[in-house]
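The structure appears below as structure tokens.
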Amino acid sequence: MGDRLGTVLLYLFASLPLLLYMVVLATLGPGRAGSDDHRLMLDMGIGATGLVLLGFRARWPVPVALALILPTVFSFTVTGPALVAFASLATHRRWRQVVPVAVVFWFCTLASTRWQDGWVLTLVFGAIGAAVLGVLTVLGLYLRGRGEWADAQRAAEVAAQEHRVEQAKLAERLKMAQEMHDVLAHRISLLTMLAGGLAYRKDLGPEEMRETALAIQDNAHQSLNELRAVLGTLRRDGGLEAPQPTLAHLDTLFEEVRAAGQRVEVDDTVRGREHLPAQTGRHAYRIVQEALTNARKHAPGSPVRAELGGRPGVGLRIRVSNPAPAGVAAGPGGRLGLVGLAERTRMAGGTLSHDVRDGRFVLDALLPWEA
């Protein structure tokens, strides 16, 4: 609507000289202008043609501007279309194109006074023409600069929005990778421990072998189910996510690892656990799960001690420790689990540290827990 109104106003301004001539002819009546009738009609025809040419100024800005400016030497009605074409040129083109056309326009303005006697009128026309062309040039270049600035702002906003979208996608991928690592590393390490028992223990009876095989099968099914749940968090159809483990599921986790042969001693002194936010409980579960996985990978067969404590307003403290055998190299993916845990803890607003103290590898985490 705004562009259409602007176009109507431009054409109305461009047609003002032609409308003025039409009013003069209508006032005087046919034949009243004498020998000037034909010249006035020719001038009006040139002005009408100029209005038609204005429609092509966007496709051929410089040729159209020159085609409208040159007839101003002997035509008054084409002055309106010429000014509009020049203003459009100044608005959308660079000064290297605008200035030469402005010079031509100024000389045409001076030449249009050749029919008058004396140089006073020529000087007046030259001064007025220079002022008008200067204003139009500066105004056009200013509007062009503002347009380019607005385009740059819009482009920057679009780029920023695209960057935010990409960052959100990256965060979602990292979230999925972290969840997959936490889930699969835990399950696969359990499967490795169970399979190792079958491979190296020759004293197992048929019933014990059957129980171990069933445990391997159960953990494999659990791996698929948990992986499916993790991938389900990326759904965009508005469906509910599968329930995620929290602090209440730690007892089940300890039972699973003990059933697989890992020795775990637990000291749980958490108070007010029913007030613990579900998200914090989920982070705590993953931290303990990954710590147990690291212990199985780097200190297989060693006893692990898990200590949990805290209360609302103080925070949730987690400490998992195990003997640190000397000279044991990290296996595939070594240290990556700790990096993921550090990032998870940081995103939760907590802190995580790990070190070897008195021959034991100790992992400490503190998660915020508001009162």
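Letters A, B, ... mark the chains of the structure tokens in the order given; residue numbers begin at 1 per chain; ligand numbers begin at 1, in order shown.
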
### Query
Got a sec: who's within 7 Å of Val270 of chain A, counting only C-alpha atoms, leaving out chain neighbours fewer than 3 positions off, as a ChimeraX atom specification?
/A:273,308-311

Same residues, all heavy atoms, output as an mmCIF file, in the first residue's frame:
```cif
data_model
loop_
_atom_site.group_PDB
_atom_site.id
_atom_site.type_symbol
_atom_site.label_atom_id
_atom_site.label_comp_id
_atom_site.auth_asym_id
_atom_site.auth_seq_id
_atom_site.Cartn_x
_atom_site.Cartn_y
_atom_site.Cartn_z
ATOM 1 N N ARG A 273 15.156 -35.303 49.892
ATOM 2 C CA ARG A 273 15.310 -35.647 48.482
ATOM 3 C C ARG A 273 14.009 -35.473 47.708
ATOM 4 O O ARG A 273 14.031 -35.327 46.487
ATOM 5 C CB ARG A 273 15.849 -37.064 48.320
ATOM 6 C CG ARG A 273 14.935 -38.145 48.847
ATOM 7 C CD ARG A 273 15.513 -39.540 48.609
ATOM 8 N NE ARG A 273 16.749 -39.740 49.359
ATOM 9 C CZ ARG A 273 17.899 -40.090 48.781
ATOM 10 N NH1 ARG A 273 17.975 -40.252 47.486
ATOM 11 N NH2 ARG A 273 18.969 -40.285 49.522
ATOM 12 N N LEU A 308 26.886 -39.713 48.696
ATOM 13 C CA LEU A 308 25.943 -38.670 48.314
ATOM 14 C C LEU A 308 25.452 -37.974 49.575
ATOM 15 O O LEU A 308 25.154 -38.625 50.586
ATOM 16 C CB LEU A 308 24.740 -39.239 47.554
ATOM 17 C CG LEU A 308 25.021 -39.858 46.182
ATOM 18 C CD1 LEU A 308 25.240 -41.354 46.319
ATOM 19 C CD2 LEU A 308 23.886 -39.595 45.221
ATOM 20 N N GLY A 309 25.375 -36.647 49.510
ATOM 21 C CA GLY A 309 24.912 -35.879 50.654
ATOM 22 C C GLY A 309 24.397 -34.528 50.222
ATOM 23 O O GLY A 309 24.526 -34.131 49.058
ATOM 24 N N GLY A 310 23.807 -33.819 51.168
ATOM 25 C CA GLY A 310 23.312 -32.479 50.876
ATOM 26 C C GLY A 310 21.870 -32.312 51.280
ATOM 27 O O GLY A 310 21.181 -33.259 51.674
ATOM 28 N N ARG A 311 21.407 -31.053 51.138
ATOM 29 C CA ARG A 311 20.027 -30.721 51.476
ATOM 30 C C ARG A 311 19.669 -29.421 50.753
ATOM 31 O O ARG A 311 20.555 -28.725 50.225
ATOM 32 C CB ARG A 311 19.874 -30.559 52.982
ATOM 33 C CG ARG A 311 20.662 -29.404 53.580
ATOM 34 C CD ARG A 311 20.440 -29.304 55.081
ATOM 35 N NE ARG A 311 21.077 -28.121 55.651
ATOM 36 C CZ ARG A 311 22.321 -28.062 56.045
ATOM 37 N NH1 ARG A 311 23.104 -29.135 55.926
ATOM 38 N NH2 ARG A 311 22.819 -26.942 56.563
#
```

### Task
Give me, please, the distance in Å between atom CA of Thr77 of chain A and atom CA of Arg59 of chain A, quoted to one decimal.
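That distance, rounded to one decimal, is 23.1 Å.
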
### Message
For a test of reading the model, state the distance in Å between atom CA of Pro206 of chain A and atom CA of Ser302 of chain A, rounded to one decimal.
### Response
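Going from atom CA of Pro206 of chain A over to atom CA of Ser302 of chain A covers 26.6 Å.
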
### Query
Can you tell me, as number ranges by chain, what residues are no more than 7 Å from Ser112 of chain A when counting only C-alpha atoms, ignoring any on the same chain fewer than 4 positions away?
A: 72-74, 108

Now that the selection is made, can you save its residues with C-alpha atoms as a CSV table (one decimal), in the first residue's frame?
```
chain,number,residue,atom,x,y,z
A,72,THR,CA,13.9,20.1,-21.2
A,73,VAL,CA,15.9,22.5,-23.5
A,74,PHE,CA,12.7,23.2,-25.4
A,108,CYS,CA,20.0,21.8,-20.3
```

### Task
For Asp355 of chain A, list every protein, DNA or RNA residue within 10 Å, evaluated using only C-alpha atoms, and leave out those in the same chain fewer than 6 positions away; present the list as number ranges by chain.
A: 321, 324, 361-364

### Query
Could you pull the residues within 7 Å of segment 283-288 of chain A, counting only C-alpha atoms, minus those fewer than 2 positions along the same chain, as a list in words?
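Residues near the query, excluding close chain neighbours: Asp182, Pro245, Thr246, Leu247, Leu250, Gln279, Thr280, Gly281, Glu290, Ala291, Leu292 and Leu341 of chain A.
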
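Each of A:Ala248, A:Val99, A:Leu136, A:Ala171 was compared to Pro277 of chain A using only C-alpha atoms, and A:Ala248 turns out to be the nearest.
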
### Among listed residues A:Ala299, A:Leu110, A:Val98, A:Thr252, nearest Leu141 of chain A (using only C-alpha atoms)
A:Val98

### For Leu133 of chain A: contacts at 10 Å, only C-alpha atoms, fewer than 2 positions along chain excluded, given as a ChimeraX atom specification
/A:83,86-87,90,99,101-103,105-106,127-131,135-139

Using N, CA and C atoms, can you write the selected residues to a file as a PDB file, in the first residue's frame?
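Once written, again_24.pdb looks like this:
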```pdb
ATOM      1  N   LEU A  83      12.745  15.607 -13.495  1.00  0.00           N
ATOM      2  CA  LEU A  83      13.145  15.719 -12.090  1.00  0.00           C
ATOM      3  C   LEU A  83      12.915  14.407 -11.341  1.00  0.00           C
ATOM      4  N   PHE A  86      15.560  11.905 -12.390  1.00  0.00           N
ATOM      5  CA  PHE A  86      16.865  12.203 -11.802  1.00  0.00           C
ATOM      6  C   PHE A  86      16.881  11.857 -10.313  1.00  0.00           C
ATOM      7  N   ALA A  87      15.807  12.184  -9.590  1.00  0.00           N
ATOM      8  CA  ALA A  87      15.748  11.847  -8.168  1.00  0.00           C
ATOM      9  C   ALA A  87      15.815  10.330  -7.961  1.00  0.00           C
ATOM     10  N   ALA A  90      19.393   9.290  -8.491  1.00  0.00           N
ATOM     11  CA  ALA A  90      20.243   9.642  -7.348  1.00  0.00           C
ATOM     12  C   ALA A  90      19.981   8.734  -6.148  1.00  0.00           C
ATOM     13  N   VAL A  99      26.425  12.257 -10.806  1.00  0.00           N
ATOM     14  CA  VAL A  99      27.029  13.574 -11.050  1.00  0.00           C
ATOM     15  C   VAL A  99      27.078  13.934 -12.536  1.00  0.00           C
ATOM     16  N   VAL A 101      25.091  13.030 -14.944  1.00  0.00           N
ATOM     17  CA  VAL A 101      23.722  13.322 -15.372  1.00  0.00           C
ATOM     18  C   VAL A 101      23.271  14.666 -14.797  1.00  0.00           C
ATOM     19  N   ALA A 102      23.678  14.966 -13.562  1.00  0.00           N
ATOM     20  CA  ALA A 102      23.334  16.263 -12.969  1.00  0.00           C
ATOM     21  C   ALA A 102      23.958  17.413 -13.760  1.00  0.00           C
ATOM     22  N   VAL A 103      25.192  17.241 -14.213  1.00  0.00           N
ATOM     23  CA  VAL A 103      25.855  18.283 -15.019  1.00  0.00           C
ATOM     24  C   VAL A 103      25.096  18.496 -16.325  1.00  0.00           C
ATOM     25  N   PHE A 105      21.949  17.899 -16.858  1.00  0.00           N
ATOM     26  CA  PHE A 105      20.672  18.542 -16.505  1.00  0.00           C
ATOM     27  C   PHE A 105      20.874  20.045 -16.308  1.00  0.00           C
ATOM     28  N   TRP A 106      21.952  20.429 -15.650  1.00  0.00           N
ATOM     29  CA  TRP A 106      22.203  21.849 -15.393  1.00  0.00           C
ATOM     30  C   TRP A 106      22.443  22.620 -16.688  1.00  0.00           C
ATOM     31  N   ALA A 127      21.377  29.357 -11.218  1.00  0.00           N
ATOM     32  CA  ALA A 127      21.496  29.264  -9.757  1.00  0.00           C
ATOM     33  C   ALA A 127      20.406  28.363  -9.177  1.00  0.00           C
ATOM     34  N   ILE A 128      19.172  28.586  -9.645  1.00  0.00           N
ATOM     35  CA  ILE A 128      18.067  27.766  -9.134  1.00  0.00           C
ATOM     36  C   ILE A 128      18.268  26.301  -9.519  1.00  0.00           C
ATOM     37  N   GLY A 129      18.658  26.083 -10.776  1.00  0.00           N
ATOM     38  CA  GLY A 129      18.874  24.702 -11.233  1.00  0.00           C
ATOM     39  C   GLY A 129      19.972  24.012 -10.450  1.00  0.00           C
ATOM     40  N   ALA A 130      21.076  24.735 -10.192  1.00  0.00           N
ATOM     41  CA  ALA A 130      22.170  24.140  -9.427  1.00  0.00           C
ATOM     42  C   ALA A 130      21.718  23.796  -8.012  1.00  0.00           C
ATOM     43  N   ALA A 131      20.943  24.686  -7.391  1.00  0.00           N
ATOM     44  CA  ALA A 131      20.468  24.432  -6.033  1.00  0.00           C
ATOM     45  C   ALA A 131      19.532  23.212  -5.998  1.00  0.00           C
ATOM     46  N   VAL A 135      20.355  19.682  -4.151  1.00  0.00           N
ATOM     47  CA  VAL A 135      19.496  19.125  -3.097  1.00  0.00           C
ATOM     48  C   VAL A 135      19.032  17.725  -3.464  1.00  0.00           C
ATOM     49  N   LEU A 136      18.589  17.548  -4.716  1.00  0.00           N
ATOM     50  CA  LEU A 136      18.119  16.230  -5.142  1.00  0.00           C
ATOM     51  C   LEU A 136      19.243  15.193  -5.087  1.00  0.00           C
ATOM     52  N   THR A 137      20.455  15.610  -5.484  1.00  0.00           N
ATOM     53  CA  THR A 137      21.583  14.669  -5.463  1.00  0.00           C
ATOM     54  C   THR A 137      21.911  14.247  -4.039  1.00  0.00           C
ATOM     55  N   VAL A 138      22.048  15.233  -3.150  1.00  0.00           N
ATOM     56  CA  VAL A 138      22.372  14.914  -1.756  1.00  0.00           C
ATOM     57  C   VAL A 138      21.266  14.088  -1.112  1.00  0.00           C
ATOM     58  N   LEU A 139      20.013  14.491  -1.367  1.00  0.00           N
ATOM     59  CA  LEU A 139      18.887  13.755  -0.792  1.00  0.00           C
ATOM     60  C   LEU A 139      18.833  12.325  -1.322  1.00  0.00           C
TER      61      LEU A 139
END
```
